[in-house]
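K.L.:
Below is one structure. I have some questions about it.
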Amino acid sequence: MMMAMLPSTPAHVEVFGVPRVVATEQQQHKKRRRRRRRNNSNKTASPNIYCDRKSSNGDGHGDDSSTCATISSDSTTSTSSHQRLDSMIPPTRKSNTKTNNKNNNDASNISLEEQARYVALDCEMVGVGYGGRRSSVARVTLVSWDGTILLDEMVRQEEEVTDYRTFVSGITAMDLESSSTYTQSEIRALVQDMLQDKILVGHALKNDLRALGITHPWYLTRDTAKFEPFMQVRFDDGVLWPKKLSELVKTRLHRDIQQPGVPHSSYEDAVAAMDLYKLVRRKWEKAMEYKMTKTREIVQTTSKSTVVVGEQLQHV
């Protein structure tokens, strides 16, 4: 009953004491038609506008004249517009690919001064003692970044050699008798001097350093047997296990070394270890930088704690 009494023309309604005009559906339809006609006339009167809204003000809202271009039928205006558009296009994948290839080539763009910091080591052993079970260094080879031989010498043995391990080391009794120019103590001192402040590269360096009777700082050591991306998971326990140097060289460098039936070459093995390091130098050095930073933080924290404890003990 009340709905039939409502007028079809605009009426004044009191809402909290404020007069309000309620428009009919017909009047709202007329307003929408006028709005559409107005929009169409604006499009006809003005040329098309292209604007990259994403780059207008950084968040995709609003138009900026520096990122908008007017496209008209005039060829001169169209050419200049396309030039402005080209300036907004980001670098192509082709240029990025060149940059990435340059960065991935870790052996390139390294100064001669930096190259001089790297030395690769490999040793060949003979067996001494009962059954030749103990290893004694018989040949020592050091090579530079580019594979130049820095040291390649046979070592005179202080104990009787009970196993020359020729099938692996390639060393014979005649080699040691005729070519040995350094005693073990002399070669130890020489190698220590040559490795001073150098970044030492090699495979399973623990064995070589132990046979030589020397040590080298961990932060200056790059052992390809312990670099995690070069390692394999042992069995099903998740423990990382080193791969053989010959396997790494085959899969990573696509060449063959330490072939069955052929004695090992300490020079060949040292060069192979250096080449493996070159492949991943950038990634490896980032990992070492992180470890050294964390180590410094731990040392500093420990030093501060020691000082605090010492001060407290003084007052006891």
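Residues in the structure tokens are named by chain (A, B, ... in the order shown) and by number from 1 within that chain; ligands are numbered from 1 in the order shown.
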Skip Thr172 in chain A itself and residues of its chain fewer than 5 positions away, then list as a PDB file with N, CA, C and O atoms, in the first residue's frame all residues within 12 Å of it, counting only C-alpha atoms.
P.N.:
```pdb
ATOM      1  N   GLU A 124     103.707 -36.913  -5.934  1.00  0.00           N
ATOM      2  CA  GLU A 124     103.665 -38.359  -6.139  1.00  0.00           C
ATOM      3  C   GLU A 124     104.430 -39.020  -4.995  1.00  0.00           C
ATOM      4  O   GLU A 124     105.458 -38.506  -4.527  1.00  0.00           O
ATOM      5  N   MET A 125     103.933 -40.169  -4.544  1.00  0.00           N
ATOM      6  CA  MET A 125     104.474 -40.831  -3.362  1.00  0.00           C
ATOM      7  C   MET A 125     105.080 -42.183  -3.713  1.00  0.00           C
ATOM      8  O   MET A 125     104.704 -42.833  -4.694  1.00  0.00           O
ATOM      9  N   VAL A 126     105.986 -42.586  -2.861  1.00  0.00           N
ATOM     10  CA  VAL A 126     106.474 -43.968  -2.858  1.00  0.00           C
ATOM     11  C   VAL A 126     106.206 -44.535  -1.474  1.00  0.00           C
ATOM     12  O   VAL A 126     105.940 -43.792  -0.516  1.00  0.00           O
ATOM     13  N   GLY A 127     106.260 -45.855  -1.346  1.00  0.00           N
ATOM     14  CA  GLY A 127     105.995 -46.503  -0.070  1.00  0.00           C
ATOM     15  C   GLY A 127     107.256 -46.851   0.674  1.00  0.00           C
ATOM     16  O   GLY A 127     108.228 -47.360   0.084  1.00  0.00           O
ATOM     17  N   ALA A 138     107.970 -38.245  -3.154  1.00  0.00           N
ATOM     18  CA  ALA A 138     109.094 -38.539  -4.040  1.00  0.00           C
ATOM     19  C   ALA A 138     109.181 -37.552  -5.193  1.00  0.00           C
ATOM     20  O   ALA A 138     110.254 -37.402  -5.789  1.00  0.00           O
ATOM     21  N   ARG A 139     108.078 -36.892  -5.525  1.00  0.00           N
ATOM     22  CA  ARG A 139     108.080 -35.886  -6.590  1.00  0.00           C
ATOM     23  C   ARG A 139     107.136 -34.763  -6.198  1.00  0.00           C
ATOM     24  O   ARG A 139     106.001 -35.013  -5.777  1.00  0.00           O
ATOM     25  N   MET A 154     112.382 -34.328  -8.110  1.00  0.00           N
ATOM     26  CA  MET A 154     112.407 -35.584  -7.378  1.00  0.00           C
ATOM     27  C   MET A 154     113.040 -35.350  -6.005  1.00  0.00           C
ATOM     28  O   MET A 154     113.873 -34.447  -5.846  1.00  0.00           O
ATOM     29  N   VAL A 161     113.077 -47.450   0.256  1.00  0.00           N
ATOM     30  CA  VAL A 161     111.808 -47.532  -0.455  1.00  0.00           C
ATOM     31  C   VAL A 161     111.457 -49.000  -0.621  1.00  0.00           C
ATOM     32  O   VAL A 161     112.214 -49.776  -1.221  1.00  0.00           O
ATOM     33  N   THR A 162     110.325 -49.387  -0.102  1.00  0.00           N
ATOM     34  CA  THR A 162     109.875 -50.779  -0.203  1.00  0.00           C
ATOM     35  C   THR A 162     108.788 -50.956  -1.258  1.00  0.00           C
ATOM     36  O   THR A 162     108.462 -52.084  -1.601  1.00  0.00           O
ATOM     37  N   ASP A 163     108.246 -49.866  -1.753  1.00  0.00           N
ATOM     38  CA  ASP A 163     107.252 -49.957  -2.835  1.00  0.00           C
ATOM     39  C   ASP A 163     107.307 -48.653  -3.633  1.00  0.00           C
ATOM     40  O   ASP A 163     106.911 -47.597  -3.142  1.00  0.00           O
ATOM     41  N   TYR A 164     107.768 -48.743  -4.859  1.00  0.00           N
ATOM     42  CA  TYR A 164     107.882 -47.527  -5.675  1.00  0.00           C
ATOM     43  C   TYR A 164     106.527 -47.086  -6.261  1.00  0.00           C
ATOM     44  O   TYR A 164     106.419 -45.971  -6.767  1.00  0.00           O
ATOM     45  N   ARG A 165     105.553 -47.962  -6.197  1.00  0.00           N
ATOM     46  CA  ARG A 165     104.212 -47.650  -6.700  1.00  0.00           C
ATOM     47  C   ARG A 165     104.276 -47.116  -8.138  1.00  0.00           C
ATOM     48  O   ARG A 165     103.568 -46.160  -8.503  1.00  0.00           O
ATOM     49  N   THR A 166     105.107 -47.715  -8.929  1.00  0.00           N
ATOM     50  CA  THR A 166     105.364 -47.222 -10.283  1.00  0.00           C
ATOM     51  C   THR A 166     104.111 -47.194 -11.140  1.00  0.00           C
ATOM     52  O   THR A 166     103.936 -46.282 -11.975  1.00  0.00           O
ATOM     53  N   PHE A 167     103.225 -48.159 -10.918  1.00  0.00           N
ATOM     54  CA  PHE A 167     102.021 -48.221 -11.748  1.00  0.00           C
ATOM     55  C   PHE A 167     101.126 -46.997 -11.543  1.00  0.00           C
ATOM     56  O   PHE A 167     100.302 -46.672 -12.401  1.00  0.00           O
ATOM     57  N   GLU A 177     117.440 -42.223  -8.051  1.00  0.00           N
ATOM     58  CA  GLU A 177     118.899 -42.231  -7.935  1.00  0.00           C
ATOM     59  C   GLU A 177     119.558 -41.174  -8.810  1.00  0.00           C
ATOM     60  O   GLU A 177     120.565 -40.566  -8.427  1.00  0.00           O
ATOM     61  N   SER A 178     118.984 -40.912  -9.975  1.00  0.00           N
ATOM     62  CA  SER A 178     119.634 -40.017 -10.927  1.00  0.00           C
ATOM     63  C   SER A 178     119.097 -38.591 -10.909  1.00  0.00           C
ATOM     64  O   SER A 178     119.822 -37.656 -11.278  1.00  0.00           O
ATOM     65  N   SER A 179     117.849 -38.414 -10.500  1.00  0.00           N
ATOM     66  CA  SER A 179     117.219 -37.099 -10.633  1.00  0.00           C
ATOM     67  C   SER A 179     116.940 -36.397  -9.315  1.00  0.00           C
ATOM     68  O   SER A 179     116.470 -35.261  -9.314  1.00  0.00           O
ATOM     69  N   SER A 180     117.198 -37.049  -8.198  1.00  0.00           N
ATOM     70  CA  SER A 180     116.891 -36.438  -6.905  1.00  0.00           C
ATOM     71  C   SER A 180     117.937 -35.400  -6.548  1.00  0.00           C
ATOM     72  O   SER A 180     119.121 -35.727  -6.382  1.00  0.00           O
ATOM     73  N   PRO A 263     100.713 -44.381 -15.763  1.00  0.00           N
ATOM     74  CA  PRO A 263     101.089 -43.722 -14.508  1.00  0.00           C
ATOM     75  C   PRO A 263     100.583 -42.286 -14.432  1.00  0.00           C
ATOM     76  O   PRO A 263     100.446 -41.607 -15.455  1.00  0.00           O
TER      77      PRO A 263
END
```
K.L.:
I need the helix (DSSP H, G or I) residues of range 160-221 of chain A per DSSP on the backbone, written as a PDB file with C-alpha atoms, in the first residue's frame.
P.N.:
```pdb
ATOM      1  CA  THR A 166     105.364 -47.222 -10.283  1.00  0.00           C
ATOM      2  CA  PHE A 167     102.021 -48.221 -11.748  1.00  0.00           C
ATOM      3  CA  VAL A 168     100.535 -45.081 -10.141  1.00  0.00           C
ATOM      4  CA  SER A 169     103.422 -42.699  -9.517  1.00  0.00           C
ATOM      5  CA  ALA A 173     114.438 -46.601  -8.599  1.00  0.00           C
ATOM      6  CA  MET A 174     116.530 -45.098 -11.406  1.00  0.00           C
ATOM      7  CA  ASP A 175     114.511 -41.858 -11.271  1.00  0.00           C
ATOM      8  CA  LEU A 176     115.231 -41.350  -7.598  1.00  0.00           C
ATOM      9  CA  GLU A 177     118.899 -42.231  -7.935  1.00  0.00           C
ATOM     10  CA  SER A 178     119.634 -40.017 -10.927  1.00  0.00           C
ATOM     11  CA  SER A 179     117.219 -37.099 -10.633  1.00  0.00           C
ATOM     12  CA  GLN A 184     113.097 -34.021   2.187  1.00  0.00           C
ATOM     13  CA  SER A 185     114.025 -31.213   4.583  1.00  0.00           C
ATOM     14  CA  GLU A 186     115.294 -29.063   1.695  1.00  0.00           C
ATOM     15  CA  ILE A 187     112.174 -29.567  -0.416  1.00  0.00           C
ATOM     16  CA  ARG A 188     109.996 -28.849   2.629  1.00  0.00           C
ATOM     17  CA  ALA A 189     111.685 -25.492   3.224  1.00  0.00           C
ATOM     18  CA  LEU A 190     111.580 -24.616  -0.480  1.00  0.00           C
ATOM     19  CA  VAL A 191     107.874 -25.389  -0.862  1.00  0.00           C
ATOM     20  CA  GLN A 192     106.998 -23.493   2.321  1.00  0.00           C
ATOM     21  CA  ASP A 193     108.824 -20.454   0.996  1.00  0.00           C
ATOM     22  CA  MET A 194     107.119 -20.658  -2.416  1.00  0.00           C
ATOM     23  CA  LEU A 205      95.769 -31.438  -0.485  1.00  0.00           C
ATOM     24  CA  LYS A 206      95.700 -32.938   2.995  1.00  0.00           C
ATOM     25  CA  ASN A 207      97.698 -35.941   1.746  1.00  0.00           C
ATOM     26  CA  ASP A 208     100.296 -33.825  -0.069  1.00  0.00           C
ATOM     27  CA  LEU A 209     100.808 -31.397   2.804  1.00  0.00           C
ATOM     28  CA  ARG A 210     101.066 -34.219   5.333  1.00  0.00           C
ATOM     29  CA  ALA A 211     103.672 -36.011   3.211  1.00  0.00           C
ATOM     30  CA  LEU A 212     105.663 -32.770   2.931  1.00  0.00           C
ATOM     31  CA  TRP A 218      92.628 -22.798   5.537  1.00  0.00           C
ATOM     32  CA  TYR A 219      91.573 -19.433   4.153  1.00  0.00           C
ATOM     33  CA  LEU A 220      94.346 -19.658   1.531  1.00  0.00           C
TER      34      LEU A 220
END
```
K.L.:
What lies within 9 Å of Ala116 in chain A using only C-alpha atoms, ignoring chain neighbours under 5 positions off, as a list in words?
P.N.:
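Residues near the query, excluding close chain neighbours: Ser111, Ser144, Trp145 and Lys198 of chain A.
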K.L.:
Which residues are close to Leu276 in chain A, i.e. within 9 Å by only C-alpha atoms, leaving aside same-chain residues fewer than 4 positions away? Reply as a ChimeraX atom specification.
P.N.:
/A:224,248-249,252-253,271-272,280-281
K.L.:
Between CA of Leu245 in chain A and CA of His264 in chain A, what is the distance in Å, rounded to a tenth?
P.N.:
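The value is 11.2 Å.
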K.L.:
Could you check the closest approach to Pro229 in chain A for each of A:Leu279, A:Gly261, A:Asp256, A:Gly129 and tell me which residue wins, using only C-alpha atoms?
P.N.:
A:Leu279
K.L.:
I'd like the interatomic distance between CA of Asp275 in chain A and CA of Pro242 in chain A, to a tenth of an Å.
P.N.:
17.3 Å
K.L.:
In Å, with one decimal, what is the gap from CA of Arg282 in chain A to CA of Ile110 in chain A?
P.N.:
10.8 Å
K.L.:
Find the residue from A:Glu159, A:Glu268, A:Thr181, A:Arg296 that sits nearest to Gly132 in chain A; use only C-alpha atoms when measuring.
P.N.:
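Result for the nearest residue to Gly132 in chain A: A:Glu159.
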